[in-house]
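Structure first, then comments.
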Amino acid sequence: MSISKQLLTFLLLGVLGLTACQNNAKSVNDGASIHKNIEIDSAEILTEKVLTAKQQAALTPAEVITILKKGNSEFVSDALTIRNNSIRIREAALGQYPKAVILSCLDSRVPVEDVFHRGIGDLFVARVAGNIVNVDILGSLEYACKVSGSKLIVVLGHEHCGAIKSAIADVKLGNITALLSKIRPVVIASTQFKGEKTNSNEEYVQHICIENVKLGIRTIREKSPILKEMESKGEIKIVGAIYKMETGEVEFL
Ligand SMILES: [Zn+2]
């Protein structure tokens with residue numbers, strides 16, 4: 001029922017697109033975007049499946065990085081597919097076997113699944129301001145990898161991060177103070193940075209952002225013997241990355 005409904009919606013969009021395209025042949029921009037809609041193969045809508053336990057087990061950490069890089073490149077270039085979400089919701093209801101777990105900042109401008117062009121059942125996403133690591137995050141990462149079989153941990157920082165800027169400014173406010181205290185060691189240790197150490201210096205903010213991601217990775221290895229062992233056996237990889245606000249690109253460190 002809902003497959004037919006989705007297919008019908010798609011066909012309708014296609015027909016409208018075709019009509020609009022014929023009527024607006026002179027409008028180059030509109031025409032290009034309409035053609036893009038028409039060119040999506042209808043099979044693409046219906047074939048993408050939720051990952052199974054067998055498929056998850058067959059993946060290596062390096063392959064998962066490749067998949068995420070490809071997904072991000074599709075996100076950046078708008079080469080996106082239409083997902084059969086109603087089917088995926090039902091498939092995923094039976095269990096989940098996500099490829100990776102992403103530890104991301106809270107920031108609303110970093111829609112994690114979209115950024116990697118992944119859908120239902122593909123990724124675990126742990127979100128906390130400043131993508132800091134605490135005991136609850138460690139528990140979540142251990143659950144994702146040790147219990148649920150994910151192959152990759154990505155600590156994902158981002159440009160222009162408010163938490164990073166607040167940590168630089170040493171903001172004190174309610175429970176935010178305790179959260180920022182997880183980032184402050186990076187600020188305090190940044191003695192080697194040449195230049196103005198304020199949150200209005202974008203270069204410095206970016207430096208602290210990258211160092212904060214590295215601190216997150218170190219903390220995971222130091223505070224989680226489970227994840228450290230999995231990494232040393234090659235069962236998982238723990239990597240850092242930065243999301244670029246202006247382009248949507250994810251740069252793996
Ligand atoms: Zn942020």
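Naming scheme: A, B, ... for chains in displayed order of the structure tokens; residues 1 onward per chain; ligands 1 onward as shown.
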
Distance filter 12 Å around ligand 1, atoms: only C-alpha atoms and all ligand atoms, out as a count of residues only: 40

Name the residues of stretch 22-226 of chain A that come out as strand (DSSP E) in a backbone DSSP run; write them as a compact mmCIF listing (two decimals) with all heavy atoms, in the first residue's frame.
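Listed below is the output, selection_21.txt:
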# COMPACT_ATOMS: atom_id res chain seq x y z
N ALA A 100 28.32 2.03 11.64
CA ALA A 100 29.23 2.93 12.37
C ALA A 100 28.47 3.68 13.44
O ALA A 100 27.24 3.72 13.44
CB ALA A 100 29.83 3.93 11.38
N VAL A 101 29.25 4.23 14.36
CA VAL A 101 28.66 5.14 15.36
C VAL A 101 29.38 6.48 15.24
O VAL A 101 30.61 6.53 15.19
CB VAL A 101 28.71 4.56 16.79
CG1 VAL A 101 30.09 4.09 17.19
CG2 VAL A 101 28.19 5.59 17.82
N ILE A 102 28.59 7.55 15.14
CA ILE A 102 29.15 8.88 14.99
C ILE A 102 28.90 9.65 16.28
O ILE A 102 27.76 9.74 16.74
CB ILE A 102 28.46 9.67 13.83
CG1 ILE A 102 28.23 8.78 12.59
CG2 ILE A 102 29.23 10.94 13.50
CD1 ILE A 102 29.43 8.33 11.86
N LEU A 103 29.98 10.18 16.87
CA LEU A 103 29.83 11.07 18.02
C LEU A 103 29.92 12.49 17.50
O LEU A 103 30.97 12.94 17.04
CB LEU A 103 30.93 10.80 19.06
CG LEU A 103 31.03 11.83 20.21
CD1 LEU A 103 29.71 11.96 20.96
CD2 LEU A 103 32.16 11.47 21.17
N SER A 104 28.78 13.17 17.52
CA SER A 104 28.69 14.50 16.91
C SER A 104 28.30 15.56 17.93
O SER A 104 27.76 15.24 18.99
CB SER A 104 27.62 14.46 15.81
OG SER A 104 27.25 15.76 15.42
N LEU A 123 23.30 4.06 10.86
CA LEU A 123 24.28 4.67 11.76
C LEU A 123 23.70 4.82 13.17
O LEU A 123 22.52 5.15 13.32
CB LEU A 123 24.66 6.09 11.30
CG LEU A 123 25.28 6.28 9.92
CD1 LEU A 123 25.46 7.77 9.64
CD2 LEU A 123 26.60 5.55 9.82
N PHE A 124 24.56 4.61 14.16
CA PHE A 124 24.25 5.09 15.50
C PHE A 124 24.76 6.53 15.55
O PHE A 124 25.84 6.82 15.01
CB PHE A 124 25.02 4.31 16.57
CG PHE A 124 24.45 2.95 16.89
CD1 PHE A 124 25.13 1.80 16.54
CD2 PHE A 124 23.25 2.84 17.57
CE1 PHE A 124 24.62 0.55 16.85
CE2 PHE A 124 22.73 1.59 17.89
CZ PHE A 124 23.42 0.45 17.53
N VAL A 125 24.01 7.43 16.19
CA VAL A 125 24.49 8.80 16.33
C VAL A 125 24.36 9.23 17.79
O VAL A 125 23.26 9.24 18.34
CB VAL A 125 23.70 9.78 15.43
CG1 VAL A 125 24.25 11.19 15.59
CG2 VAL A 125 23.78 9.36 13.97
N ALA A 126 25.50 9.52 18.41
CA ALA A 126 25.51 10.05 19.78
C ALA A 126 25.78 11.54 19.65
O ALA A 126 26.75 11.94 19.00
CB ALA A 126 26.59 9.37 20.60
N ARG A 127 24.92 12.36 20.25
CA ARG A 127 25.10 13.81 20.10
C ARG A 127 25.15 14.49 21.46
O ARG A 127 24.31 14.24 22.32
CB ARG A 127 23.95 14.40 19.27
CG ARG A 127 23.83 13.75 17.91
CD ARG A 127 23.00 14.56 16.95
NE ARG A 127 23.69 15.79 16.60
CZ ARG A 127 23.44 16.48 15.49
NH1 ARG A 127 22.51 16.09 14.66
NH2 ARG A 127 24.10 17.58 15.23
N LEU A 152 33.01 1.10 13.15
CA LEU A 152 33.75 2.35 13.09
C LEU A 152 33.18 3.35 14.10
O LEU A 152 31.96 3.48 14.23
CB LEU A 152 33.61 2.94 11.67
CG LEU A 152 34.34 4.24 11.38
CD1 LEU A 152 35.85 4.01 11.33
CD2 LEU A 152 33.87 4.84 10.05
N ILE A 153 34.10 4.05 14.79
CA ILE A 153 33.69 5.18 15.63
C ILE A 153 34.26 6.43 14.98
O ILE A 153 35.46 6.51 14.72
CB ILE A 153 34.25 5.07 17.07
CG1 ILE A 153 33.68 3.84 17.77
CG2 ILE A 153 33.95 6.35 17.87
CD1 ILE A 153 34.30 3.56 19.15
N VAL A 154 33.38 7.40 14.69
CA VAL A 154 33.85 8.68 14.15
C VAL A 154 33.54 9.77 15.18
O VAL A 154 32.37 9.96 15.54
CB VAL A 154 33.15 9.05 12.82
CG1 VAL A 154 33.69 10.38 12.28
CG2 VAL A 154 33.30 7.96 11.78
N VAL A 155 34.58 10.44 15.66
CA VAL A 155 34.37 11.62 16.51
C VAL A 155 34.34 12.81 15.54
O VAL A 155 35.34 13.12 14.89
CB VAL A 155 35.49 11.78 17.55
CG1 VAL A 155 35.24 13.03 18.40
CG2 VAL A 155 35.58 10.54 18.45
N LEU A 156 33.15 13.39 15.41
CA LEU A 156 32.92 14.41 14.37
C LEU A 156 32.79 15.81 14.98
O LEU A 156 31.76 16.14 15.57
CB LEU A 156 31.65 14.04 13.59
CG LEU A 156 31.23 14.97 12.46
CD1 LEU A 156 32.27 14.96 11.33
CD2 LEU A 156 29.86 14.55 11.91
N GLY A 157 33.84 16.61 14.82
CA GLY A 157 33.75 18.02 15.21
C GLY A 157 33.25 18.83 14.03
O GLY A 157 33.04 18.29 12.94
N HIS A 158 33.04 20.12 14.24
CA HIS A 158 32.60 20.94 13.10
C HIS A 158 33.09 22.37 13.24
O HIS A 158 33.39 22.84 14.36
CB HIS A 158 31.07 20.92 12.98
CG HIS A 158 30.37 21.63 14.11
ND1 HIS A 158 29.98 22.95 14.03
CD2 HIS A 158 30.02 21.21 15.34
CE1 HIS A 158 29.39 23.29 15.17
NE2 HIS A 158 29.41 22.26 15.98

Alpha helix (DSSP H) positions in stretch 134-248 of chain A, given as a PyMOL selection string: chain A and resi 135-142+162-168+176-180+184-188+202-223+225-232

Residues as selected, C-alpha atoms, written as an mmCIF file, in the first residue's frame, can you do that?
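Listed below is the output, part.cif:
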data_model
loop_
_atom_site.group_PDB
_atom_site.id
_atom_site.type_symbol
_atom_site.label_atom_id
_atom_site.label_comp_id
_atom_site.auth_asym_id
_atom_site.auth_seq_id
_atom_site.Cartn_x
_atom_site.Cartn_y
_atom_site.Cartn_z
ATOM 1 C CA VAL A 135 30.945 7.893 30.838
ATOM 2 C CA ASP A 136 27.487 7.808 29.236
ATOM 3 C CA ILE A 137 28.933 8.444 25.786
ATOM 4 C CA LEU A 138 31.529 5.700 26.401
ATOM 5 C CA GLY A 139 28.723 3.323 27.363
ATOM 6 C CA SER A 140 26.845 4.251 24.194
ATOM 7 C CA LEU A 141 29.941 3.678 22.009
ATOM 8 C CA GLU A 142 30.588 0.324 23.697
ATOM 9 C CA GLY A 162 29.565 27.280 19.741
ATOM 10 C CA ALA A 163 30.731 24.865 22.444
ATOM 11 C CA ILE A 164 34.354 25.309 21.363
ATOM 12 C CA LYS A 165 33.971 29.104 21.325
ATOM 13 C CA SER A 166 32.356 29.030 24.773
ATOM 14 C CA ALA A 167 35.167 26.845 26.138
ATOM 15 C CA ILE A 168 37.728 29.324 24.786
ATOM 16 C CA ILE A 176 27.175 24.173 30.766
ATOM 17 C CA THR A 177 30.180 24.845 33.022
ATOM 18 C CA ALA A 178 30.667 21.112 33.677
ATOM 19 C CA LEU A 179 30.243 20.299 29.992
ATOM 20 C CA LEU A 180 32.794 22.912 28.914
ATOM 21 C CA ARG A 184 38.956 23.317 28.653
ATOM 22 C CA PRO A 185 42.052 21.041 28.940
ATOM 23 C CA VAL A 186 42.547 21.460 25.177
ATOM 24 C CA VAL A 187 42.308 25.257 25.499
ATOM 25 C CA ILE A 188 44.739 25.294 28.423
ATOM 26 C CA GLU A 202 38.619 31.459 13.469
ATOM 27 C CA GLU A 203 42.024 29.844 13.013
ATOM 28 C CA TYR A 204 42.307 29.346 16.772
ATOM 29 C CA VAL A 205 38.714 28.075 17.059
ATOM 30 C CA GLN A 206 39.500 25.536 14.318
ATOM 31 C CA HIS A 207 42.731 24.505 16.078
ATOM 32 C CA ILE A 208 40.858 23.855 19.350
ATOM 33 C CA CYS A 209 38.105 22.032 17.440
ATOM 34 C CA ILE A 210 40.639 19.597 15.913
ATOM 35 C CA GLU A 211 42.479 19.153 19.217
ATOM 36 C CA ASN A 212 39.140 18.491 20.936
ATOM 37 C CA VAL A 213 38.391 15.704 18.452
ATOM 38 C CA LYS A 214 41.841 14.213 19.134
ATOM 39 C CA LEU A 215 41.193 14.456 22.892
ATOM 40 C CA GLY A 216 37.897 12.612 22.365
ATOM 41 C CA ILE A 217 39.703 9.774 20.571
ATOM 42 C CA ARG A 218 42.396 9.589 23.282
ATOM 43 C CA THR A 219 39.726 9.534 25.998
ATOM 44 C CA ILE A 220 37.872 6.685 24.284
ATOM 45 C CA ARG A 221 41.086 4.639 24.117
ATOM 46 C CA GLU A 222 42.087 5.458 27.698
ATOM 47 C CA LYS A 223 38.715 5.056 29.387
ATOM 48 C CA PRO A 225 39.364 -1.062 27.652
ATOM 49 C CA ILE A 226 36.623 -2.765 25.608
ATOM 50 C CA LEU A 227 36.954 -0.376 22.657
ATOM 51 C CA LYS A 228 40.736 -0.207 22.923
ATOM 52 C CA GLU A 229 40.926 -3.991 22.688
ATOM 53 C CA MET A 230 38.510 -4.095 19.746
ATOM 54 C CA GLU A 231 40.638 -1.504 17.973
ATOM 55 C CA SER A 232 43.911 -3.315 18.659
#

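Closest approach to A:Tyr97 from the set A:Ile236, A:Ala53, A:Leu59, A:Cys145 is made by A:Ala53, with distances taken over only C-alpha atoms.
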
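Residues in contact with A:Gln96 at up to 8 Å, not including ones fewer than 3 positions away on its chain and judged by only C-alpha atoms, are Leu51, Thr52, Ala53, Ala92, Ala93, Gly121 and Ser148 of chain A.
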
Write out the residues from the selection above, keeping N, CA, C and O atoms, as a PDB file, in the first residue's frame.
ATOM      1  N   LEU A  51      20.607  -2.754   6.544  1.00  0.00           N
ATOM      2  CA  LEU A  51      21.727  -3.697   6.661  1.00  0.00           C
ATOM      3  C   LEU A  51      21.339  -4.893   7.533  1.00  0.00           C
ATOM      4  O   LEU A  51      20.716  -4.720   8.582  1.00  0.00           O
ATOM      5  N   THR A  52      21.741  -6.102   7.096  1.00  0.00           N
ATOM      6  CA  THR A  52      21.482  -7.300   7.893  1.00  0.00           C
ATOM      7  C   THR A  52      22.709  -7.603   8.760  1.00  0.00           C
ATOM      8  O   THR A  52      23.793  -7.069   8.522  1.00  0.00           O
ATOM      9  N   ALA A  53      22.543  -8.525   9.717  1.00  0.00           N
ATOM     10  CA  ALA A  53      23.655  -8.913  10.595  1.00  0.00           C
ATOM     11  C   ALA A  53      24.799  -9.489   9.769  1.00  0.00           C
ATOM     12  O   ALA A  53      25.969  -9.213  10.021  1.00  0.00           O
ATOM     13  N   ALA A  92      13.692  -2.402   9.819  1.00  0.00           N
ATOM     14  CA  ALA A  92      14.538  -2.066  10.970  1.00  0.00           C
ATOM     15  C   ALA A  92      13.860  -2.413  12.291  1.00  0.00           C
ATOM     16  O   ALA A  92      14.535  -2.568  13.312  1.00  0.00           O
ATOM     17  N   ALA A  93      12.538  -2.545  12.272  1.00  0.00           N
ATOM     18  CA  ALA A  93      11.822  -2.870  13.507  1.00  0.00           C
ATOM     19  C   ALA A  93      12.262  -4.226  14.048  1.00  0.00           C
ATOM     20  O   ALA A  93      12.178  -4.492  15.242  1.00  0.00           O
ATOM     21  N   GLY A 121      18.559   2.748  10.216  1.00  0.00           N
ATOM     22  CA  GLY A 121      19.296   1.516  10.523  1.00  0.00           C
ATOM     23  C   GLY A 121      20.762   1.523  10.113  1.00  0.00           C
ATOM     24  O   GLY A 121      21.456   0.536  10.307  1.00  0.00           O
ATOM     25  N   SER A 148      26.371  -4.249  19.414  1.00  0.00           N
ATOM     26  CA  SER A 148      25.627  -4.197  18.151  1.00  0.00           C
ATOM     27  C   SER A 148      26.471  -4.317  16.893  1.00  0.00           C
ATOM     28  O   SER A 148      25.942  -4.242  15.789  1.00  0.00           O
TER      29      SER A 148
END

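Coordinates place atom CA of A:Thr81 at a distance of 27.4 Å from atom CA of A:Leu253.
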
Residue neighbourhood A:His117, 8 Å, only C-alpha atoms, exclusion window fewer than 6 positions, as number ranges by chain: A: 68, 71-72, 74-75, 80

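Of the residues listed (A:Leu173, A:Ile120, A:Ile82, A:Val133), A:Val133 shows the shortest atom-to-atom separation from A:Ser224; distances use only C-alpha atoms.
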
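With distances taken over only C-alpha atoms, A:Lys151 is the one residue among A:Arg88, A:Lys151, A:Lys54, A:Lys146 lying closest to A:Ile67.
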